[in-house]
$ cat work.tsv   # TSV, C-alpha atoms
chain	number	residue	atom	x	y	z
J	28	MET	CA	121.96	124.38	103.03
J	29	GLU	CA	119.08	123.83	105.38
J	30	PHE	CA	116.93	122.32	102.61
J	31	LEU	CA	119.23	119.27	102.47
J	32	TYR	CA	117.99	118.24	105.90
J	33	LYS	CA	114.31	118.71	105.15
J	34	PRO	CA	112.18	115.65	104.35
J	35	TRP	CA	110.87	115.40	100.79
J	36	PRO	CA	107.17	115.89	100.20
J	37	TRP	CA	105.29	112.91	98.74
J	38	TYR	CA	105.04	114.54	95.32
J	39	VAL	CA	108.84	114.56	95.06
J	40	ALA	CA	109.65	111.18	96.63
J	41	GLY	CA	106.85	109.30	94.80
J	42	PRO	CA	107.82	110.22	91.23
J	43	VAL	CA	111.53	109.55	91.93
J	44	ILE	CA	110.62	106.09	93.28
J	45	GLY	CA	108.36	105.48	90.28
J	46	LEU	CA	110.97	106.57	87.73
J	47	THR	CA	113.26	103.80	88.97
J	48	VAL	CA	111.03	101.25	87.20
J	49	PRO	CA	111.47	102.46	83.58
J	50	VAL	CA	115.10	103.43	84.19
J	51	LEU	CA	115.92	99.87	85.38
J	52	LEU	CA	114.13	98.41	82.35
J	53	TRP	CA	116.01	100.72	80.02
J	54	LEU	CA	119.41	100.32	81.71
J	55	GLY	CA	119.48	96.55	81.54
J	56	ASN	CA	116.01	95.01	81.18
J	57	LYS	CA	115.87	94.70	84.97
J	58	ARG	CA	112.68	94.53	86.99
J	59	LEU	CA	112.39	96.34	90.31
J	60	GLY	CA	111.98	93.83	93.15
J	61	ILE	CA	113.90	94.04	96.37
J	62	SER	CA	112.75	90.98	98.33
J	63	SER	CA	114.61	88.87	95.73
J	64	THR	CA	117.85	90.06	97.27
J	65	LEU	CA	116.96	88.28	100.53
J	66	ARG	CA	116.66	85.06	98.52
J	67	GLN	CA	119.98	85.81	96.84
J	68	LEU	CA	121.68	86.25	100.19
J	69	CYS	CA	120.25	82.91	101.37
J	70	ALA	CA	121.40	81.21	98.17
J	71	ALA	CA	124.87	82.70	98.55
J	72	ALA	CA	125.21	81.95	102.26
J	73	TYR	CA	123.58	78.56	102.83
J	74	PRO	CA	121.62	76.95	99.97
J	75	ALA	CA	121.58	73.55	101.77
J	76	ASN	CA	120.11	71.62	98.82
J	77	ILE	CA	116.88	73.60	99.06
J	78	PRO	CA	115.38	73.79	95.55
J	79	LEU	CA	114.34	77.46	95.85
J	80	LEU	CA	117.88	78.43	96.87
J	81	ASN	CA	119.83	76.46	94.29
J	82	TYR	CA	119.88	78.80	91.32
J	83	ASP	CA	122.39	81.06	89.68
J	84	TRP	CA	122.07	83.96	92.12
J	85	LYS	CA	125.15	85.66	90.66
J	86	LYS	CA	123.20	86.29	87.49
J	87	ASP	CA	121.12	88.77	89.47
J	88	SER	CA	124.07	90.41	91.20
J	89	TRP	CA	122.97	93.77	89.78
J	90	ASN	CA	120.25	93.72	92.46
J	91	LEU	CA	122.83	93.40	95.25
J	92	PHE	CA	124.51	96.54	93.89
J	93	PHE	CA	121.10	98.22	93.81
J	94	VAL	CA	120.39	97.44	97.49
J	95	ALA	CA	123.94	98.47	98.44
J	96	GLY	CA	122.92	101.77	96.87
J	97	ILE	CA	119.76	101.87	99.02
J	98	PHE	CA	121.96	101.38	102.09
J	99	ILE	CA	124.14	104.34	101.00
J	100	GLY	CA	120.97	106.36	100.29
J	101	GLY	CA	119.95	105.61	103.88
J	102	ILE	CA	123.31	106.87	105.19
J	103	LEU	CA	122.96	110.10	103.21
J	104	GLY	CA	119.25	110.73	103.78
J	105	GLY	CA	118.89	109.45	107.32
J	106	ASN	CA	122.28	110.04	108.86
J	107	LEU	CA	124.40	112.74	107.19
J	108	PHE	CA	121.40	114.79	106.10
J	109	GLY	CA	118.85	113.37	108.52
J	110	ASN	CA	115.88	115.47	109.49
J	111	PRO	CA	116.51	116.77	113.05
J	112	GLU	CA	112.84	117.69	113.54
J	113	PRO	CA	110.12	115.31	114.76
J	114	THR	CA	108.15	113.65	111.93
J	115	ASP	CA	105.30	115.86	110.73
J	116	LEU	CA	102.64	113.29	111.61
J	117	SER	CA	98.89	113.67	111.79
J	118	PRO	CA	97.89	114.78	115.32
J	119	HIS	CA	95.60	111.73	115.49
J	120	THR	CA	98.56	109.42	114.93
J	121	VAL	CA	100.60	111.26	117.56
J	122	GLU	CA	97.73	110.79	119.99
J	123	ASP	CA	97.49	107.06	119.20
J	124	LEU	CA	101.25	106.63	119.58
J	125	ARG	CA	101.20	108.45	122.92
J	126	GLN	CA	98.63	105.92	124.11
J	127	TRP	CA	101.18	103.27	123.23
J	128	GLY	CA	103.56	105.03	125.61
J	129	LEU	CA	105.71	106.80	123.01
J	130	THR	CA	106.96	110.31	123.66
J	131	ASP	CA	109.75	110.82	121.11
J	132	PHE	CA	108.72	111.26	117.46
J	133	ALA	CA	112.10	112.31	116.07
J	134	GLY	CA	113.92	110.33	113.41
J	135	LEU	CA	112.58	107.43	111.37
J	136	LEU	CA	112.05	104.84	114.09
J	137	PRO	CA	111.04	105.28	117.74
J	138	LEU	CA	114.32	104.89	119.62
J	139	GLU	CA	112.25	104.08	122.70
J	140	LEU	CA	111.38	100.76	121.05
J	141	PHE	CA	114.13	100.08	118.54
J	142	ASN	CA	117.33	99.88	120.58
J	143	TRP	CA	119.69	97.09	121.57
J	144	THR	CA	118.51	96.85	125.19
J	145	SER	CA	114.88	96.46	124.15
J	146	LEU	CA	115.93	93.19	122.46
J	147	ALA	CA	115.88	91.76	125.96
J	148	SER	CA	112.15	92.53	126.25
J	149	TRP	CA	109.12	90.84	124.72
J	150	HIS	CA	108.08	93.87	122.74
J	151	GLY	CA	111.58	94.26	121.30
J	152	ILE	CA	111.67	90.61	120.25
J	153	LEU	CA	108.21	90.86	118.68
J	154	LEU	CA	108.93	94.11	116.83
J	155	MET	CA	112.39	93.29	115.49
J	156	VAL	CA	112.94	89.52	115.53
J	157	VAL	CA	109.41	88.28	114.80
J	158	GLY	CA	108.59	91.30	112.60
J	159	GLY	CA	111.73	90.87	110.52
J	160	PHE	CA	111.11	87.14	110.19
J	161	LEU	CA	107.58	87.76	108.89
J	162	VAL	CA	108.89	90.30	106.37
J	163	GLY	CA	111.34	87.76	104.95
J	164	PHE	CA	108.99	84.77	105.14
J	165	GLY	CA	105.91	86.59	103.86
J	166	THR	CA	107.52	88.38	100.93
J	167	ARG	CA	109.07	85.17	99.59
J	168	TYR	CA	105.79	83.31	100.03
J	169	ALA	CA	103.99	86.14	98.18
J	170	ARG	CA	106.77	86.24	95.55
J	171	GLY	CA	107.41	89.91	96.05
J	172	CYS	CA	107.12	92.92	98.28
J	173	THR	CA	106.05	96.54	98.14
J	174	SER	CA	108.51	97.28	95.33
J	175	GLY	CA	108.02	94.20	93.14
J	176	HIS	CA	104.23	93.95	93.58
J	177	GLY	CA	103.29	97.36	94.96
J	178	ILE	CA	105.20	99.53	92.49
J	179	PHE	CA	106.40	97.41	89.56
J	180	GLY	CA	103.51	94.92	89.52
J	181	LEU	CA	100.76	97.52	89.79
J	182	ALA	CA	102.46	99.76	87.21
J	183	SER	CA	102.62	96.84	84.77
J	184	LEU	CA	98.90	96.23	85.41
J	185	GLN	CA	99.19	92.76	86.96
J	186	TRP	CA	96.09	91.77	88.90
J	187	THR	CA	98.05	89.34	91.09
J	188	SER	CA	100.03	92.31	92.36
J	189	LEU	CA	96.80	94.09	93.25
J	190	VAL	CA	95.77	91.01	95.27
J	191	ALA	CA	99.22	91.07	96.89
J	192	ILE	CA	99.18	94.73	97.89
J	193	ILE	CA	95.64	94.43	99.28
J	194	SER	CA	96.83	91.45	101.36
J	195	PHE	CA	99.86	93.44	102.59
J	196	PHE	CA	97.58	96.24	103.72
J	197	ILE	CA	95.05	93.96	105.41
J	198	GLY	CA	97.92	92.33	107.35
J	199	GLY	CA	99.33	95.71	108.28
J	200	ILE	CA	95.98	97.16	109.35
J	201	ILE	CA	95.15	94.11	111.49
J	202	CYS	CA	98.55	94.34	113.15
J	203	SER	CA	98.49	98.08	113.70
J	204	TYR	CA	94.95	98.09	115.13
J	205	THR	CA	94.93	94.89	117.16
J	206	MET	CA	98.43	93.52	117.78
J	207	LEU	CA	100.54	96.64	118.33
J	208	PRO	CA	98.20	98.04	121.03
J	209	LEU	CA	98.57	94.73	122.92
J	210	ILE	CA	102.32	94.51	122.42
J	211	LEU	CA	102.93	98.10	123.46
J	212	ALA	CA	100.28	98.41	126.16
J	213	PRO	CA	101.96	100.15	129.10
F	93	MET	CA	132.11	97.74	86.64
F	94	ARG	CA	128.96	97.22	84.63
F	95	ASN	CA	126.97	97.03	87.87
F	96	LEU	CA	128.03	100.48	89.06
F	97	LYS	CA	125.03	102.14	87.39
F	98	TYR	CA	122.70	100.02	89.52
F	99	LEU	CA	124.54	101.16	92.63
F	100	VAL	CA	124.05	104.80	91.62
F	101	LEU	CA	120.37	104.24	90.85
F	102	GLY	CA	120.03	102.44	94.20
F	103	VAL	CA	121.47	105.49	95.98
F	104	ILE	CA	118.83	107.72	94.36
F	105	PHE	CA	116.06	105.22	95.16
F	106	GLY	CA	117.28	104.85	98.75
F	107	LEU	CA	117.51	108.60	99.15
F	108	ALA	CA	113.91	108.99	97.95
F	109	LEU	CA	112.74	106.23	100.33
F	110	THR	CA	114.57	107.80	103.25
F	111	LYS	CA	113.92	111.50	102.63
F	112	GLY	CA	110.36	110.62	101.65
F	113	GLU	CA	110.00	108.93	105.07
F	114	ALA	CA	108.84	105.72	103.39
F	115	ILE	CA	111.16	103.89	105.81
F	116	SER	CA	109.60	105.60	108.84
F	117	TRP	CA	107.90	103.36	111.40
F	118	PHE	CA	105.83	106.42	112.42
F	119	ARG	CA	104.61	106.98	108.86
F	120	MET	CA	103.60	103.32	108.53
F	121	GLN	CA	101.37	103.55	111.61
F	122	GLU	CA	99.85	106.76	110.21
F	123	MET	CA	99.22	104.95	106.91
F	124	PHE	CA	97.69	101.82	108.47
F	125	HIS	CA	95.42	104.02	110.60
F	126	PHE	CA	94.34	106.07	107.54
F	127	GLN	CA	95.27	109.25	109.37
F	128	GLY	CA	97.52	110.94	106.85
F	129	PHE	CA	97.87	111.26	103.11
F	130	HIS	CA	101.68	111.20	102.93
F	131	MET	CA	102.29	107.49	102.18
F	132	TYR	CA	99.24	107.25	99.93
F	133	GLY	CA	100.56	110.28	98.05
F	134	ILE	CA	103.84	108.44	97.48
F	135	PHE	CA	102.08	105.33	96.11
F	136	MET	CA	99.66	107.41	94.05
F	137	THR	CA	102.49	109.25	92.33
F	138	ALA	CA	105.05	106.41	92.15
F	139	VAL	CA	102.75	103.87	90.48
F	140	PRO	CA	101.43	106.16	87.69
F	141	THR	CA	104.95	107.49	87.05
F	142	ALA	CA	106.22	103.92	86.68
F	143	ALA	CA	103.20	102.96	84.54
F	144	LEU	CA	103.71	105.95	82.26
F	145	GLY	CA	107.39	105.04	81.88
F	146	ILE	CA	106.54	101.45	80.96
F	147	PHE	CA	103.88	102.67	78.53
F	148	LEU	CA	106.30	105.04	76.81
F	149	LEU	CA	109.03	102.38	76.56
F	150	LYS	CA	106.57	99.93	75.01
F	151	ASN	CA	104.70	102.40	72.85
F	152	PHE	CA	107.88	103.67	71.19
F	153	GLY	CA	109.38	100.19	70.99
F	154	ILE	CA	112.40	101.30	72.97
F	155	LYS	CA	114.86	98.51	73.65
F	156	ALA	CA	117.02	98.13	76.72
F	157	ARG	CA	120.53	99.54	76.32
F	158	ASN	CA	121.91	96.04	75.81
F	159	GLY	CA	119.67	95.64	72.75
F	160	GLN	CA	117.17	93.25	74.36
F	161	ALA	CA	113.46	93.79	73.94
F	162	ILE	CA	111.99	94.90	77.26
F	163	ASN	CA	110.51	91.91	78.99
F	164	ILE	CA	107.77	92.03	81.62
F	165	PRO	CA	106.77	88.48	82.57
F	166	LYS	CA	103.31	87.90	84.03
F	167	LYS	CA	103.24	87.19	87.73
F	168	PRO	CA	101.15	84.02	88.09
F	169	TYR	CA	98.61	83.78	90.89
F	170	HIS	CA	98.97	81.28	93.70
F	171	HIS	CA	97.42	81.29	97.19
F	172	GLY	CA	100.76	82.26	98.71
F	173	ILE	CA	100.15	85.75	97.34
F	174	ILE	CA	97.39	86.13	99.93
F	175	ILE	CA	98.81	84.00	102.78
F	176	GLY	CA	102.33	85.36	102.42
F	177	GLY	CA	100.97	88.82	101.77
F	178	LEU	CA	99.05	88.87	105.06
F	179	LEU	CA	102.09	87.62	106.99
F	180	PHE	CA	104.33	90.21	105.36
F	181	GLY	CA	101.76	92.93	106.13
F	182	ILE	CA	101.96	92.07	109.83
F	183	GLY	CA	105.75	92.21	109.68
F	184	TRP	CA	105.57	95.52	107.81
F	185	ALA	CA	103.52	97.13	110.60
F	186	LEU	CA	105.75	95.66	113.34
F	187	THR	CA	109.08	96.72	111.82
F	188	GLY	CA	107.95	99.76	109.83
F	189	ALA	CA	109.92	98.28	106.95
F	190	CYS	CA	109.50	96.35	103.76
F	191	PRO	CA	112.62	94.78	102.27
F	192	GLY	CA	113.88	97.98	100.58
F	193	PRO	CA	113.60	100.09	103.73
F	194	LEU	CA	115.40	97.36	105.72
F	195	TYR	CA	118.60	98.32	103.93
F	196	ALA	CA	117.89	102.04	104.31
F	197	GLN	CA	117.08	101.80	108.03
F	198	ILE	CA	120.48	100.24	108.68
F	199	GLY	CA	122.14	102.96	106.60
F	200	ALA	CA	120.22	105.65	108.47
F	201	GLY	CA	122.12	104.59	111.60
F	202	TYR	CA	119.55	102.44	113.42
F	203	THR	CA	122.09	99.70	114.02
F	204	VAL	CA	119.61	97.47	115.84
F	205	THR	CA	117.72	97.03	112.55
F	206	LEU	CA	120.60	94.73	111.59
F	207	VAL	CA	118.70	92.27	113.79
F	208	THR	CA	115.49	92.92	111.83
F	209	PHE	CA	117.40	92.39	108.60
F	210	ALA	CA	119.11	89.18	109.74
F	211	SER	CA	115.74	87.90	110.89
F	212	ALA	CA	114.24	88.70	107.47
F	213	VAL	CA	117.00	86.71	105.76
F	214	LEU	CA	116.29	83.83	108.14
F	215	GLY	CA	112.57	84.15	107.36
F	216	THR	CA	113.24	83.85	103.63
F	217	TRP	CA	115.47	80.84	104.23
F	218	THR	CA	112.79	79.22	106.40
F	219	TYR	CA	110.14	79.77	103.75
F	220	ALA	CA	112.42	78.20	101.13
F	221	ARG	CA	113.02	75.22	103.42
F	222	LEU	CA	109.32	74.71	104.20
F	223	GLN	CA	108.03	75.49	100.71
F	224	PRO	CA	107.28	71.86	99.73
F	225	HIS	CA	105.04	71.48	102.79
F	226	LEU	CA	103.14	74.76	102.55
F	227	PRO	CA	99.93	75.33	100.59
F	228	SER	CA	100.67	77.08	97.33
$ encode --input "work.tsv" --output "structure tokens"
Amino acid sequence: MEFLYKPWPWYVAGPVIGLTVPVLLWLGNKRLGISSTLRQLCAAAYPANIPLLNYDWKKDSWNLFFVAGIFIGGILGGNLFGNPEPTDLSPHTVEDLRQWGLTDFAGLLPLELFNWTSLASWHGILLMVVGGFLVGFGTRYARGCTSGHGIFGLASLQWTSLVAIISFFIGGIICSYTMLPLILAP
Amino acid sequence: MRNLKYLVLGVIFGLALTKGEAISWFRMQEMFHFQGFHMYGIFMTAVPTAALGIFLLKNFGIKARNGQAINIPKKPYHHGIIIGGLLFGIGWALTGACPGPLYAQIGAGYTVTLVTFASAVLGTWTYARLQPHLPS
């Protein structure tokens, strides 16, 4: 039963992620796109006469079931059958992360940074509160995220999605090379 | 329960994200530093698999199960694709998560990512509120 705890290689995870696109189309003419669910939650919770949030969000309730599934997938894959070993990272990455003061590479997030007490520190606020805000703000502004643009948009050969994914990566590279070293400098 | 099938598909998708370490903050740093192939391997197999699926559905004129013709609307360009994209990219590197992984990180037991998630919902709300004043 040990194999249940092992991480999946990219050539297993990638095709399964990709297959979701045609299966969703076939199941109900649905298009993969997860950032839309953040908009749905806003529309359901507090639409406040904002044009973008006053729409029939219930019509897309399938997507809320889909992300509830992702949450359950996270419980199964990260919790019940979580990999107990440290992530099999490139030694160069490990070296870079050590320079940022990290020592524990187990699990999916560095517990040294992502914990409730670190919310009382600047780096915790920047990583979780500001980072999360930018994810929600940026994906809505860009009309999609890694799933809607990065997987579905690219697979349906939309050039706007190529522009989007290049922008995502430029933002991520800038942050990872210039901002994170400052935020995490010991 | 016509939505149950989407829940089941979501479980499989979430499992692939999680077991594939596509929700791993460590893997995102490795990817943004171009130090490992893992995440690129995921994209380079996921996108062609999805493209092949779309091609086959279209080529054989397969309809969705509800009888509708499969519909893929064009995504129009606006400058927010770049501005919003850059901002999201920064958030992606900070949190190690895009919207899908946000849900999976909570499920994986990192309870503090509930804060990340709540902040993302607030970010979306704030964008919606400010939309009329932002360059599009």
$ residues_around --input "work.tsv" --residues "Pro42 of chain J" --least-positions-apart "4" --cutoff "12 Å" --atoms "all atoms listed in the file" --output "list in words"
Trp35, Pro36, Trp37, Tyr38, Leu46, Thr47, Val48, Pro49 and Ile178 of chain J; Ile104, Phe105, Ala108, Leu109, Gly112, Gly133, Ile134, Phe135, Met136, Thr137, Ala138, Val139, Pro140, Thr141, Ala142, Ala143, Leu144 and Gly145 of chain F
$ closest_residue --input "work.tsv" --among "J:Gly134, J:Gly165, J:Gly128, J:Gly101" --to "Leu214 of chain F" --atoms "all atoms listed in the file"
J:Gly165
$ residues_around --input "work.tsv" --residues "Gly159 of chain J" --least-positions-apart "2" --cutoff "6 Å" --atoms "all atoms listed in the file" --output "ChimeraX atom specification"
/J:155-157,161-162 /F:208,211-212
$ closest_residue --input "work.tsv" --among "J:Trp127, J:Tyr204, J:Phe108, J:Phe196" --to "Trp184 of chain F" --atoms "only C-alpha atoms"
J:Phe196
$ closest_residue --input "work.tsv" --among "J:Glu112, J:Ala75, J:Thr130, J:Leu209" --to "chain F" --atoms "all atoms listed in the file"
J:Ala75
$ closest_residue --input "work.tsv" --among "F:Lys155, F:His170, F:Arg119, F:Lys97" --to "Ala189 of chain F" --atoms "only C-alpha atoms"
F:Arg119
$ atom_distance --input "work.tsv" --atom1 "atom CA of Ala169 of chain J" --atom2 "atom CA of Gly177 of chain F"
5.4 Å
